[in-house]
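The file query_14.cif comes next; it holds mmCIF, C-alpha atoms.
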data_final
loop_
_atom_site.label_atom_id
_atom_site.label_comp_id
_atom_site.auth_asym_id
_atom_site.auth_seq_id
_atom_site.Cartn_x
_atom_site.Cartn_y
_atom_site.Cartn_z
CA MET A 285 5.37 39.41 -10.59
CA ILE A 286 4.18 38.26 -14.01
CA LYS A 287 7.68 37.36 -15.12
CA ASP A 288 7.98 35.13 -12.07
CA LEU A 289 4.76 33.28 -12.89
CA GLY A 290 6.53 30.55 -14.86
CA LYS A 291 9.10 30.18 -12.11
CA TYR A 292 6.38 29.66 -9.52
CA VAL A 293 4.49 27.12 -11.65
CA ILE A 294 7.67 25.06 -12.11
CA MET A 295 8.47 25.37 -8.41
CA PHE A 296 4.98 24.11 -7.49
CA VAL A 297 5.31 21.03 -9.69
CA VAL A 298 8.89 20.24 -8.68
CA LEU A 299 8.22 20.64 -4.95
CA VAL A 300 5.11 18.43 -5.05
CA LEU A 301 6.93 15.72 -7.03
CA VAL A 302 9.99 15.80 -4.77
CA GLN A 303 7.67 15.58 -1.78
CA VAL A 304 5.49 12.67 -2.87
CA LEU A 305 8.01 10.65 -4.87
CA ILE A 306 11.14 11.04 -2.78
CA LEU A 307 10.63 12.50 0.67
CA ASN A 308 7.50 10.48 1.48
CA ASN A 309 9.59 7.37 0.94
CA ILE A 310 12.25 8.28 3.48
CA GLN A 311 11.18 6.13 6.36
CA VAL A 312 13.63 5.80 9.19
CA SER A 313 11.86 3.70 11.83
CA GLY A 314 8.63 5.48 10.99
CA LEU A 315 9.82 8.62 12.75
CA ILE A 316 11.07 10.99 10.11
CA ASN A 317 8.91 12.36 7.35
CA PRO A 318 10.06 15.83 6.29
CA TYR A 319 7.54 17.99 4.45
CA ILE A 320 9.32 20.61 2.36
CA TYR A 321 6.59 21.47 -0.16
CA ILE A 322 5.64 24.46 2.04
CA LEU A 323 8.76 26.16 0.68
CA PHE A 324 6.45 27.22 -2.15
CA ILE A 325 4.29 29.21 0.28
CA LEU A 326 7.36 30.67 1.98
CA LEU A 327 8.78 31.95 -1.31
CA LEU A 328 5.64 33.74 -2.54
CA PRO A 329 6.26 37.52 -2.63
CA PHE A 330 5.25 39.42 0.51
CA THR A 331 3.12 41.72 -1.65
CA ILE A 332 0.84 38.90 -2.85
CA PRO A 333 -2.89 39.58 -2.32
CA GLY A 334 -4.47 37.61 0.53
CA TYR A 335 -6.99 35.65 -1.51
CA LEU A 336 -4.22 34.37 -3.78
CA LEU A 337 -2.04 33.39 -0.84
CA LEU A 338 -4.86 31.39 0.78
CA GLY A 339 -6.08 29.97 -2.54
CA LEU A 340 -2.59 28.72 -3.47
CA SER A 341 -2.08 27.31 0.03
CA PHE A 342 -5.25 25.28 -0.28
CA LEU A 343 -4.39 24.12 -3.80
CA LEU A 344 -0.91 23.03 -2.74
CA GLY A 345 -2.18 21.24 0.37
CA ILE A 346 -4.97 19.39 -1.42
CA THR A 347 -2.58 18.25 -4.19
CA VAL A 348 -0.24 16.68 -1.65
CA ASP A 349 -3.30 15.23 0.13
CA ILE A 350 -4.53 13.47 -2.98
CA PHE A 351 -1.16 11.83 -3.51
CA ASN A 352 -1.03 10.76 0.13
CA ASN A 353 -4.66 9.65 0.40
CA THR A 354 -5.16 12.02 3.33
CA PRO A 355 -7.84 14.51 2.21
CA GLY A 356 -7.90 17.67 4.27
CA ILE A 357 -4.87 17.15 6.49
CA HIS A 358 -2.21 18.85 4.38
CA ALA A 359 -4.76 21.34 3.03
CA GLY A 360 -5.71 22.40 6.58
CA ALA A 361 -2.09 22.71 7.70
CA THR A 362 -1.01 24.67 4.63
CA VAL A 363 -3.98 27.05 4.74
CA LEU A 364 -3.14 27.76 8.39
CA LEU A 365 0.43 28.54 7.34
CA GLY A 366 -0.83 30.81 4.53
CA PHE A 367 -3.06 32.64 6.97
CA LEU A 368 -0.27 33.23 9.48
CA ARG A 369 2.41 34.03 6.92
CA PRO A 370 1.86 37.82 6.81
CA ALA A 371 2.26 37.89 10.60
CA ILE A 372 5.42 35.76 10.47
CA ALA A 373 6.80 37.96 7.70
CA GLN A 374 6.25 41.06 9.80
CA LEU A 375 7.97 39.39 12.72
CA VAL A 376 11.14 38.44 10.89
CA SER A 377 11.76 41.21 8.41
CA SER A 378 11.82 44.95 8.04
CA ARG A 379 9.30 47.27 6.37
CA GLU A 380 11.41 47.97 3.29
CA ILE A 381 11.74 44.28 2.48
CA LEU A 382 8.03 43.71 3.10
CA GLU A 383 7.09 46.38 0.58
CA LYS A 384 9.37 45.14 -2.14
CA GLY A 385 7.84 42.40 -4.29
CA ASN A 386 10.93 40.20 -4.20
CA MET A 387 10.95 36.48 -3.68
CA PRO A 388 11.63 36.24 0.08
CA ASN A 389 14.49 33.80 -0.26
CA LEU A 390 17.80 33.45 1.52
CA THR A 391 19.52 36.12 -0.58
CA HIS A 392 16.88 38.77 -0.06
CA LEU A 393 16.10 38.13 3.58
CA GLY A 394 19.58 37.33 4.83
CA PHE A 395 20.48 34.18 6.73
CA ALA A 396 19.25 35.08 10.22
CA SER A 397 15.84 36.30 9.05
CA PHE A 398 15.35 33.44 6.63
CA LEU A 399 16.24 30.89 9.32
CA LYS A 400 13.75 32.44 11.74
CA TYR A 401 11.12 32.62 8.99
CA THR A 402 11.59 28.93 8.07
CA VAL A 403 11.70 27.65 11.64
CA ILE A 404 8.49 29.40 12.69
CA ALA A 405 6.66 28.38 9.51
CA VAL A 406 7.72 24.72 9.67
CA LEU A 407 6.87 24.42 13.36
CA ILE A 408 3.36 25.83 12.83
CA HIS A 409 2.65 23.76 9.73
CA HIS A 410 3.99 20.49 11.16
CA LEU A 411 2.21 20.95 14.49
CA PHE A 412 -1.16 21.09 12.76
CA LEU A 413 -0.16 18.29 10.39
CA PHE A 414 1.11 15.74 12.88
CA TYR A 415 -1.68 16.24 15.39
CA ALA A 416 -4.37 16.23 12.69
CA GLU A 417 -2.88 13.01 11.35
CA SER A 418 -2.88 11.28 14.72
CA PHE A 419 -6.37 12.63 15.41
CA SER A 420 -8.14 9.55 16.76
CA PHE A 421 -4.93 8.27 18.23
CA GLY A 422 -3.53 8.51 21.75
CA GLY A 423 0.22 8.82 22.14
CA PHE A 424 0.62 12.57 22.60
CA PHE A 425 4.27 12.11 23.44
CA GLU A 426 5.11 9.82 20.50
CA THR A 427 3.46 12.25 18.10
CA PHE A 428 5.46 15.06 19.66
CA ILE A 429 8.75 13.26 19.03
CA ARG A 430 7.77 12.57 15.43
CA TYR A 431 6.76 16.21 15.10
CA ILE A 432 10.05 17.58 16.41
CA ILE A 433 12.35 15.23 14.52
CA SER A 434 10.50 15.68 11.23
CA SER A 435 10.49 19.46 11.71
CA ILE A 436 14.25 19.51 12.19
CA PHE A 437 14.72 17.56 8.96
CA SER A 438 12.29 19.77 7.05
CA ILE A 439 14.12 22.91 8.21
CA LEU A 440 17.51 21.45 7.27
CA ILE A 441 16.33 20.41 3.81
CA ILE A 442 14.65 23.78 3.13
CA LEU A 443 17.79 25.67 4.17
CA GLY A 444 19.98 23.29 2.18
CA SER A 445 17.87 23.74 -0.93
CA GLN A 446 18.33 27.51 -0.62
CA PHE A 447 22.10 27.15 -0.57
CA ILE A 448 22.02 24.94 -3.65
CA VAL A 449 19.54 26.95 -5.74
CA PHE A 450 20.31 30.55 -4.76
CA LYS A 451 23.95 30.48 -3.84
CA SER A 452 24.70 33.48 -6.07
CA MET B 21 -27.40 43.84 5.15
CA ARG B 22 -24.99 46.37 3.69
CA SER B 23 -23.01 46.52 6.89
CA LEU B 24 -22.75 42.74 6.78
CA PHE B 25 -21.19 42.96 3.31
CA ARG B 26 -18.87 45.70 4.46
CA PHE B 27 -17.84 43.55 7.41
CA LEU B 28 -17.18 40.59 5.11
CA ALA B 29 -15.20 42.72 2.67
CA ARG B 30 -13.03 44.14 5.42
CA ASN B 31 -12.40 40.75 6.99
CA TYR B 32 -12.32 38.67 3.84
CA PHE B 33 -8.85 37.29 4.63
CA LEU B 34 -10.04 35.88 7.94
CA MET B 35 -13.34 34.71 6.43
CA MET B 36 -11.64 32.96 3.54
CA PHE B 37 -9.20 31.32 5.94
CA LEU B 38 -12.04 30.03 8.10
CA ALA B 39 -13.97 28.78 5.06
CA LEU B 40 -10.97 26.86 3.66
CA GLU B 41 -10.14 25.48 7.10
CA VAL B 42 -13.74 24.25 7.50
CA ILE B 43 -13.57 22.55 4.08
CA SER B 44 -10.34 20.82 5.12
CA VAL B 45 -11.78 19.61 8.40
CA VAL B 46 -14.93 18.33 6.67
CA LEU B 47 -12.73 16.41 4.22
CA MET B 48 -10.68 15.02 7.10
CA VAL B 49 -13.73 13.85 9.03
CA SER B 50 -15.72 12.52 6.09
CA PHE B 51 -12.70 10.50 5.05
CA ASN B 52 -13.37 8.28 8.03
CA ASN B 53 -16.13 6.81 5.91
CA TYR B 54 -13.41 6.07 3.45
CA GLN B 55 -15.58 4.95 0.56
CA ARG B 56 -17.09 8.37 0.01
CA VAL B 57 -14.33 10.65 -1.15
CA THR B 58 -13.40 8.47 -4.08
CA PHE B 59 -12.21 11.21 -6.41
CA LEU B 60 -9.82 12.61 -3.81
CA ASN B 61 -7.37 9.76 -3.62
CA SER B 62 -4.56 8.34 -5.66
CA SER B 63 -6.72 5.81 -7.51
CA ASN B 64 -7.68 8.93 -9.45
CA SER B 65 -6.15 8.27 -12.87
CA MET B 66 -4.03 11.41 -13.20
CA PHE B 67 -2.33 10.93 -9.86
CA GLY B 68 -2.07 7.19 -10.39
CA GLU B 69 -0.25 7.88 -13.64
CA VAL B 70 2.47 9.88 -11.85
CA TYR B 71 3.07 7.07 -9.37
CA GLU B 72 3.07 4.47 -12.15
CA ARG B 73 5.71 6.34 -14.19
CA PHE B 74 7.98 6.71 -11.19
CA SER B 75 7.51 3.13 -10.15
CA THR B 76 8.51 1.79 -13.57
CA MET B 77 11.74 3.77 -13.30
CA ASP B 78 12.34 2.53 -9.80
CA ASP B 79 11.78 -1.13 -10.85
CA TYR B 80 15.16 -1.59 -12.47
CA PHE B 81 16.94 -1.08 -9.21
CA SER B 82 15.16 -3.93 -7.47
CA LEU B 83 15.19 -6.50 -10.27
CA GLY B 84 17.66 -8.80 -8.53
CA ARG B 85 15.73 -8.96 -5.29
CA THR B 86 12.41 -9.44 -7.11
CA ASN B 87 13.80 -12.35 -9.15
CA ALA B 88 15.17 -14.06 -6.07
CA ARG B 89 11.81 -13.86 -4.35
CA LEU B 90 9.92 -15.09 -7.40
CA SER B 91 12.13 -18.12 -7.77
CA ALA B 92 11.84 -18.89 -4.06
CA GLU B 93 8.08 -18.75 -4.34
CA ASN B 94 8.14 -20.96 -7.42
CA ALA B 95 10.16 -23.53 -5.52
CA SER B 96 7.76 -23.56 -2.60
CA LEU B 97 4.73 -23.85 -4.90
CA ARG B 98 6.36 -26.71 -6.78
CA LYS B 99 6.99 -28.48 -3.50
CA GLN B 100 3.31 -28.14 -2.59
CA LEU B 101 2.28 -29.37 -6.03
CA TYR B 102 4.33 -32.55 -5.77
CA ALA B 103 3.10 -33.19 -2.26
CA ARG B 104 -0.44 -32.97 -3.57
CA ILE B 105 0.25 -35.28 -6.52
CA ALA B 106 1.84 -37.81 -4.19
CA ASN B 107 -1.18 -37.57 -1.94
CA GLN B 108 -3.55 -38.20 -4.83
CA GLU B 109 -1.69 -41.31 -5.84
CA LYS B 110 -2.04 -42.59 -2.31
CA TYR B 111 -5.75 -41.75 -1.98
CA PRO B 112 -7.12 -41.77 -5.55
CA ILE B 113 -10.74 -41.27 -4.40
CA ASN B 114 -9.98 -37.86 -2.98
CA ARG B 115 -9.95 -36.03 -6.33
CA PRO B 116 -10.58 -32.29 -6.44
CA ASP B 117 -13.87 -31.22 -8.02
CA THR B 118 -13.01 -29.89 -11.48
CA VAL B 119 -16.57 -28.98 -12.51
CA GLU B 120 -17.08 -26.24 -9.99
CA ALA B 121 -15.48 -22.80 -10.47
CA PRO B 122 -12.48 -22.14 -8.22
CA ALA B 123 -13.40 -20.47 -4.95
CA TYR B 124 -10.60 -17.90 -5.17
CA ILE B 125 -9.15 -16.11 -8.17
CA PHE B 126 -5.76 -14.41 -7.91
CA THR B 127 -4.78 -11.38 -9.99
CA SER B 128 -1.20 -10.20 -9.85
CA ALA B 129 -0.61 -6.46 -9.52
CA LYS B 130 2.21 -4.06 -8.88
CA VAL B 131 2.39 -1.70 -5.93
CA ILE B 132 2.92 1.80 -7.28
CA SER B 133 2.61 3.69 -4.01
CA ASN B 134 2.83 2.57 -0.43
CA SER B 135 3.76 4.00 2.94
CA ALA B 136 4.71 2.58 6.32
CA ASN B 137 5.35 5.68 8.38
CA LYS B 138 1.86 7.18 8.77
CA GLN B 139 -0.79 6.35 11.31
CA PHE B 140 -3.12 5.34 8.49
CA ASN B 141 -1.20 3.77 5.64
CA TYR B 142 -2.59 3.20 2.17
CA ILE B 143 -1.41 1.28 -0.83
CA THR B 144 -1.98 1.99 -4.54
CA LEU B 145 -1.96 -0.78 -7.18
CA ASN B 146 -1.61 -0.53 -10.96
CA LYS B 147 -4.76 -2.53 -11.74
CA GLY B 148 -8.36 -1.44 -11.48
CA SER B 149 -11.92 -2.29 -12.47
CA ARG B 150 -10.92 -3.01 -16.08
CA GLN B 151 -8.75 -5.83 -14.80
CA GLY B 152 -11.56 -7.10 -12.58
CA ILE B 153 -10.50 -5.53 -9.27
CA LYS B 154 -13.40 -4.63 -6.98
CA PRO B 155 -13.59 -3.07 -3.51
CA ASP B 156 -13.29 -5.50 -0.56
CA MET B 157 -10.93 -7.88 -2.30
CA GLY B 158 -7.93 -9.04 -0.29
CA ILE B 159 -4.30 -8.19 -1.12
CA ILE B 160 -1.57 -10.74 -0.35
CA ASN B 161 1.96 -11.49 -1.48
CA ASP B 162 4.36 -14.38 -1.12
CA GLN B 163 5.19 -13.34 2.46
CA GLY B 164 1.62 -13.03 3.72
CA VAL B 165 -1.35 -10.72 4.04
CA VAL B 166 -0.92 -7.13 2.78
CA GLY B 167 -4.30 -5.39 2.98
CA VAL B 168 -7.76 -4.89 1.50
CA ILE B 169 -8.90 -2.96 -1.61
CA THR B 170 -11.22 -0.03 -0.85
CA ASN B 171 -11.42 2.13 -3.99
CA VAL B 172 -11.06 1.31 -7.66
CA SER B 173 -10.84 3.41 -10.81
CA PRO B 174 -10.65 1.91 -14.33
CA ASN B 175 -6.88 1.37 -14.20
CA PHE B 176 -5.83 1.78 -10.57
CA SER B 177 -6.98 0.76 -7.14
CA THR B 178 -6.18 1.82 -3.59
CA GLY B 179 -6.54 -0.06 -0.37
CA LEU B 180 -5.84 -0.07 3.34
CA SER B 181 -2.67 -1.92 4.25
CA ILE B 182 -2.48 -3.86 7.53
CA LEU B 183 -0.59 -0.80 8.78
CA ASN B 184 -3.85 1.12 9.06
CA LYS B 185 -5.80 1.28 12.29
CA ARG B 186 -9.07 1.20 10.34
CA LEU B 187 -8.44 -2.33 9.14
CA GLY B 188 -9.14 -5.37 11.32
CA ILE B 189 -8.38 -8.83 9.97
CA PRO B 190 -10.05 -11.96 11.36
CA ALA B 191 -7.08 -14.11 12.33
CA LYS B 192 -6.46 -17.32 14.19
CA ILE B 193 -3.63 -19.07 15.95
CA SER B 194 -2.85 -21.74 13.42
CA LYS B 195 -1.99 -24.58 15.83
CA ILE B 196 -5.10 -24.41 18.03
CA ASN B 197 -7.59 -22.79 15.65
CA TYR B 198 -8.60 -20.11 18.14
CA PHE B 199 -9.66 -16.96 16.35
CA GLY B 200 -9.39 -13.26 17.18
CA ASN B 201 -9.00 -9.94 15.46
CA LEU B 202 -5.70 -8.55 14.21
CA VAL B 203 -5.23 -4.77 14.30
CA TRP B 204 -2.10 -2.69 13.76
CA ASP B 205 -0.63 -1.18 16.92
CA GLY B 206 0.33 2.05 15.14
CA GLU B 207 3.84 1.87 16.52
CA HIS B 208 6.07 -0.10 14.24
CA TYR B 209 5.75 -1.22 10.65
CA ASN B 210 6.26 -4.88 11.46
CA THR B 211 4.23 -5.45 14.61
CA ALA B 212 0.49 -5.72 15.21
CA ASP B 213 -1.86 -6.72 18.06
CA LEU B 214 -4.00 -9.85 18.10
CA LYS B 215 -7.12 -9.18 20.18
CA GLU B 216 -10.00 -11.17 21.63
CA ILE B 217 -8.03 -14.32 22.50
CA PRO B 218 -9.33 -15.45 25.93
CA PHE B 219 -6.60 -16.09 28.50
CA HIS B 220 -7.61 -19.65 29.43
CA ILE B 221 -6.09 -21.05 26.28
CA ILE B 222 -2.39 -21.75 26.02
CA VAL B 223 -0.35 -19.44 23.80
CA ASN B 224 3.34 -19.72 23.00
CA VAL B 225 5.88 -17.31 21.62
CA GLY B 226 6.53 -18.31 18.02
CA ASP B 227 3.01 -19.56 17.27
CA THR B 228 1.92 -18.75 13.73
CA ILE B 229 -1.02 -16.43 13.08
CA VAL B 230 -2.94 -16.99 9.86
CA THR B 231 -6.18 -15.67 8.36
CA SER B 232 -9.28 -17.38 9.73
CA GLY B 233 -11.28 -17.30 6.51
CA TYR B 234 -14.29 -15.87 8.34
CA SER B 235 -14.17 -12.54 6.55
CA ASN B 236 -15.05 -13.69 2.99
CA VAL B 237 -12.05 -11.61 1.92
CA PHE B 238 -9.05 -13.86 2.46
CA PRO B 239 -8.84 -17.61 2.00
CA GLU B 240 -8.19 -19.53 5.20
CA GLY B 241 -4.60 -20.07 6.28
CA ILE B 242 -2.76 -17.16 4.65
CA MET B 243 0.25 -16.27 6.76
CA ILE B 244 0.03 -13.10 8.86
CA GLY B 245 2.89 -13.40 11.32
CA THR B 246 4.23 -14.98 14.50
CA ILE B 247 3.67 -14.24 18.18
CA THR B 248 6.60 -12.38 19.74
CA LYS B 249 5.20 -11.66 23.20
CA PHE B 250 1.97 -11.79 25.16
CA ASP B 251 0.55 -10.84 28.53
CA VAL B 252 -2.85 -10.52 30.17
CA GLU B 253 -4.25 -7.04 30.48
CA SER B 254 -5.33 -6.47 34.08
CA GLY B 255 -9.09 -6.44 34.52
CA THR B 256 -9.85 -8.27 31.29
CA ASN B 257 -10.16 -11.87 30.26
CA PHE B 258 -8.15 -11.44 27.12
CA TYR B 259 -4.53 -11.68 26.13
CA ASN B 260 -2.53 -8.79 24.84
CA ILE B 261 -0.67 -10.50 22.01
CA LYS B 262 2.06 -8.86 19.93
CA VAL B 263 2.49 -10.30 16.46
CA GLU B 264 5.48 -9.80 14.21
CA LEU B 265 4.09 -9.40 10.69
CA SER B 266 5.56 -11.69 8.06
CA THR B 267 5.06 -9.15 5.25
CA ASN B 268 7.81 -6.59 4.91
CA PHE B 269 6.01 -3.38 4.03
CA LYS B 270 9.20 -1.55 3.17
CA THR B 271 10.05 -3.81 0.24
CA LEU B 272 6.54 -4.33 -1.12
CA LYS B 273 6.57 -4.53 -4.92
CA TYR B 274 4.38 -7.26 -6.41
CA VAL B 275 1.17 -8.46 -4.81
CA GLU B 276 -1.79 -10.64 -5.66
CA VAL B 277 -5.39 -9.53 -5.35
CA VAL B 278 -7.69 -12.27 -4.10
CA GLN B 279 -11.25 -12.52 -5.31
CA ASN B 280 -13.64 -14.79 -3.47
CA THR B 281 -15.95 -15.90 -6.28
CA LYS B 282 -18.66 -16.93 -3.86
CA ARG B 283 -18.58 -13.85 -1.72
CA ALA B 284 -21.85 -12.35 -3.00
CA GLU B 285 -23.66 -15.62 -2.37
CA LEU B 286 -22.20 -15.89 1.13
CA ILE B 287 -23.12 -12.33 2.07
CA LYS B 288 -26.65 -12.82 0.79
CA LEU B 289 -27.05 -15.98 2.82
CA GLU B 290 -25.56 -14.44 5.95
CA SER B 291 -27.71 -11.33 5.69
CA ASN B 292 -30.75 -13.55 6.28
CA ASN B 293 -29.53 -14.15 9.81
CA THR B 294 -29.28 -10.51 10.74
CA GLY B 295 -32.72 -9.78 9.26
CA GLU B 296 -34.45 -11.47 12.18
#

Have the structure of the file written as C-alpha cells, please.
Amino acid sequence: MIKDLGKYVIMFVVLVLVQVLILNNIQVSGLINPYIYILFILLLPFTIPGYLLLGLSFLLGITVDIFNNTPGIHAGATVLLGFLRPAIAQLVSSREILEKGNMPNLTHLGFASFLKYTVIAVLIHHLFLFYAESFSFGGFFETFIRYIISSIFSILIILGSQFIVFKS
Amino acid sequence: MRSLFRFLARNYFLMMFLALEVISVVLMVSFNNYQRVTFLNSSNSMFGEVYERFSTMDDYFSLGRTNARLSAENASLRKQLYARIANQEKYPINRPDTVEAPAYIFTSAKVISNSANKQFNYITLNKGSRQGIKPDMGIINDQGVVGVITNVSPNFSTGLSILNKRLGIPAKISKINYFGNLVWDGEHYNTADLKEIPFHIIVNVGDTIVTSGYSNVFPEGIMIGTITKFDVESGTNFYNIKVELSTNFKTLKYVEVVQNTKRAELIKLESNNTGE
C-alpha cells in the first residue's frame, strides 16, 4: 500500500491534467465530453478504508470542479461513486480478489470483470453529473443523449488506457 | 448519548457520504449566486497558472490563424479611421471632445480556458485586478460580444460567456433600433434567442443584432449576430427569434475587456430612480 503511494499521487495529477487540459476541450457538437478522471477511484485497492475512499473521492471531484468552475457537481458525482464502489466491487469480483490489496486493474480483475466494473461505475457517475449539471434546465431527453454518448466514450477511453498502461 | 456515538461509529461510512454529498449540493446551489464562491473557481491563482502554462504551449499552433485575424481587424479599423478623417474634413465643426476622458477603455487579454459544451460555460482570462480588470466589465473580440467578467484575482479573471444561461445581454435589432434581451438557448454553441421583441414590428432573416448600450457594460453597437429564423409563440405577443452568434467560441483566443469609465456615475444616478 505504502509503496503504491507515489504511484497514486502521480496518477491523481496526471488524470486531472488530462481531464481538464485535453478531454474537456474535445467538443463534438457539444455532445461528447468524456470524464475519465474517475479511473483514479476505480483503481484504489479494494482494501482501502472507507473514510479514505470517500475523502479522496471528494478531493478528486472538487479539484476537477475548481478547474471547470462548477463547484459541487463533480464532487457530488465522485463521492456517490466512492460510496457505491464497495457494492460494485462485490458485484463484479470474487472474495479472494476483494481481500487482496492489489490495484483492481485490467490484469488483476480480468477483462470481463473490469469491463463490468467500469461500465457500472461510469454510468452511475455520469448520471449524477449530467443531471446535476442540467439542473435548472428542461430537456430531459437531450441530457440523456449527452449522458449516454459521453458515457460510451469515457468507457472506451478508460479501457483503452488500461491496454496501453498495463498490457504486461 | 453513548448509543448515538455507537450508532455514528457503526455507520460512519454512510454518515460521511451524506455529509460530503450535502457539502457538494450546498456548493452547487450557492454557486447560483455566482459572486460568492470566489475561491472555488479558476481565477484562483494556482489553477489559473496551470491553464496559463498550457495555453502558452498551445499558442504556437494557432499563430497563423491569429495573425490573419489581427491583420483583418487592422484593415477594418484603418478603413473606419480614414472614413472618420474624411468626415471631419467635410464637417470641421464636428470635432470630438479631447478634454473629456474616453467613455470606454479597452484592455487586451488572452483566453486561457473556455468551454462551449456545458450548459453553463465560463471563460478564464490571463489578466486580473492588477491590470485593472473589475467584475461586470464586458468581454468582446473582433467578431463580437464574448461575455461579462464576474470574478477577478490579482492576475486572472473569470467570466460568464454568452453561452451561459445566467447571462442576458440587452440587445437591439440594428436597423430599427428595437431592443430586447439576448439569452443563450443552451442547445448549440453558435445560436441564441432574442426575447421581448413585440410581434407588431417587422423582422427579417439576416437582420443584425447589436448591443443596445443600455446595460452600462458594453458600448452601443457591438456586433452580436444575425437573425436566422423567427416565429410567434402562440399565446404571447412576442417573437421567438433565433440569432446566429457572430463570435466563434471554439476558436476564442484573444479578447478585449471593456471598461465603461462612467459606469459608477451612471449607476449612482439611476439608483435615485428606484429609491422612490

Exercise for review: Kindly resolve the PyMOL selection byres ((chain B and resi 41-46) around 9) on the present coordinates and return the residues as number ranges by chain.
Suggested key: A: 342, 346, 355-361, 363-364; B: 36-40, 47-51

Hey, can you spit out that residue selection with C-alpha atoms as a compact mmCIF listing (two decimals), in the coordinates of the input?
# COMPACT_ATOMS: atom_id res chain seq x y z
CA PHE A 342 -5.25 25.28 -0.28
CA ILE A 346 -4.97 19.39 -1.42
CA PRO A 355 -7.84 14.51 2.21
CA GLY A 356 -7.90 17.67 4.27
CA ILE A 357 -4.87 17.15 6.49
CA HIS A 358 -2.21 18.85 4.38
CA ALA A 359 -4.76 21.34 3.03
CA GLY A 360 -5.71 22.40 6.58
CA ALA A 361 -2.09 22.71 7.70
CA VAL A 363 -3.98 27.05 4.74
CA LEU A 364 -3.14 27.76 8.39
CA MET B 36 -11.64 32.96 3.54
CA PHE B 37 -9.20 31.32 5.94
CA LEU B 38 -12.04 30.03 8.10
CA ALA B 39 -13.97 28.78 5.06
CA LEU B 40 -10.97 26.86 3.66
CA LEU B 47 -12.73 16.41 4.22
CA MET B 48 -10.68 15.02 7.10
CA VAL B 49 -13.73 13.85 9.03
CA SER B 50 -15.72 12.52 6.09
CA PHE B 51 -12.70 10.50 5.05

Would you kindly translate the PyMOL selection byres ((chain B and resi 249) around 8) into the concrete residues it picks from this file, as an mmCIF file with C-alpha atoms, in the coordinates of the input?
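Result file follows (out-v7.cif):
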data_model
loop_
_atom_site.group_PDB
_atom_site.id
_atom_site.type_symbol
_atom_site.label_atom_id
_atom_site.label_comp_id
_atom_site.auth_asym_id
_atom_site.auth_seq_id
_atom_site.Cartn_x
_atom_site.Cartn_y
_atom_site.Cartn_z
ATOM 1 C CA VAL B 225 5.880 -17.310 21.620
ATOM 2 C CA ILE B 247 3.670 -14.240 18.180
ATOM 3 C CA THR B 248 6.600 -12.380 19.740
ATOM 4 C CA PHE B 250 1.970 -11.790 25.160
ATOM 5 C CA ASP B 251 0.550 -10.840 28.530
ATOM 6 C CA ILE B 261 -0.670 -10.500 22.010
ATOM 7 C CA LYS B 262 2.060 -8.860 19.930
ATOM 8 C CA VAL B 263 2.490 -10.300 16.460
#

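Taking only C-alpha atoms into account, Asn317 of chain A lies nearest to B:Ala136 out of the set B:Leu28, B:Ala136, B:Val168, B:Ala92.
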
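Put simply, atom CA of Gly84 of chain B is 14.1 Å away from atom CA of Leu272 of chain B.
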
Check your understanding: Just so the selection is clear, what residues does the PyMOL selection byres ((chain A and resi 392) around 12) cover here, as a VMD selection string?
Key -> chain A and resid 327 329 to 330 377 to 378 380 to 382 384 to 391 393 to 398 446 450 to 452

Practice item. Within 12 Å of Ile439 of chain A, counting all atoms listed in the file, which residues show up once you throw out same-chain ones fewer than 2 positions away? Write them as a ChimeraX atom specification, please. Key: /A:317-323,398-407,409-410,432-437,441-446

Practice item. Take atom CA of Phe67 of chain B and atom CA of Thr347 of chain A and report the distance between them in Å, one decimal. Key: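 Between atom CA of Phe67 of chain B and atom CA of Thr347 of chain A the gap works out to 9.3 Å.
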
Check your understanding: Suppose you want the space between atom CA of Pro239 of chain B and atom CA of Gln100 of chain B; what is it in Å?
Key ->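 Atom-to-atom, atom CA of Pro239 of chain B and atom CA of Gln100 of chain B are spaced 16.7 Å apart.
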
Exercise for review: For each of A:Leu365, A:Gly345, A:Pro370, A:Ser418, take the minimum atom-to-atom distance to Pro333 of chain A, counting only C-alpha atoms, then give the residue where this is smallest.
Suggested key: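 Of the candidates, the smallest distance to Pro333 of chain A is held by A:Pro370.
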
Exercise for review: Using all atoms listed in the file, find the one residue out of B:Arg30, B:Arg98, B:Arg104, B:Lys138 that sits nearest to chain A.
Suggested key: B:Lys138

Review point. Nearest to Thr354 of chain A among A:Ala416, A:Val293, A:Ile448, A:Leu328, with distances taken over only C-alpha atoms: which residue is it?
Key: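 Using only C-alpha atoms, Thr354 of chain A sits closest to A:Ala416.
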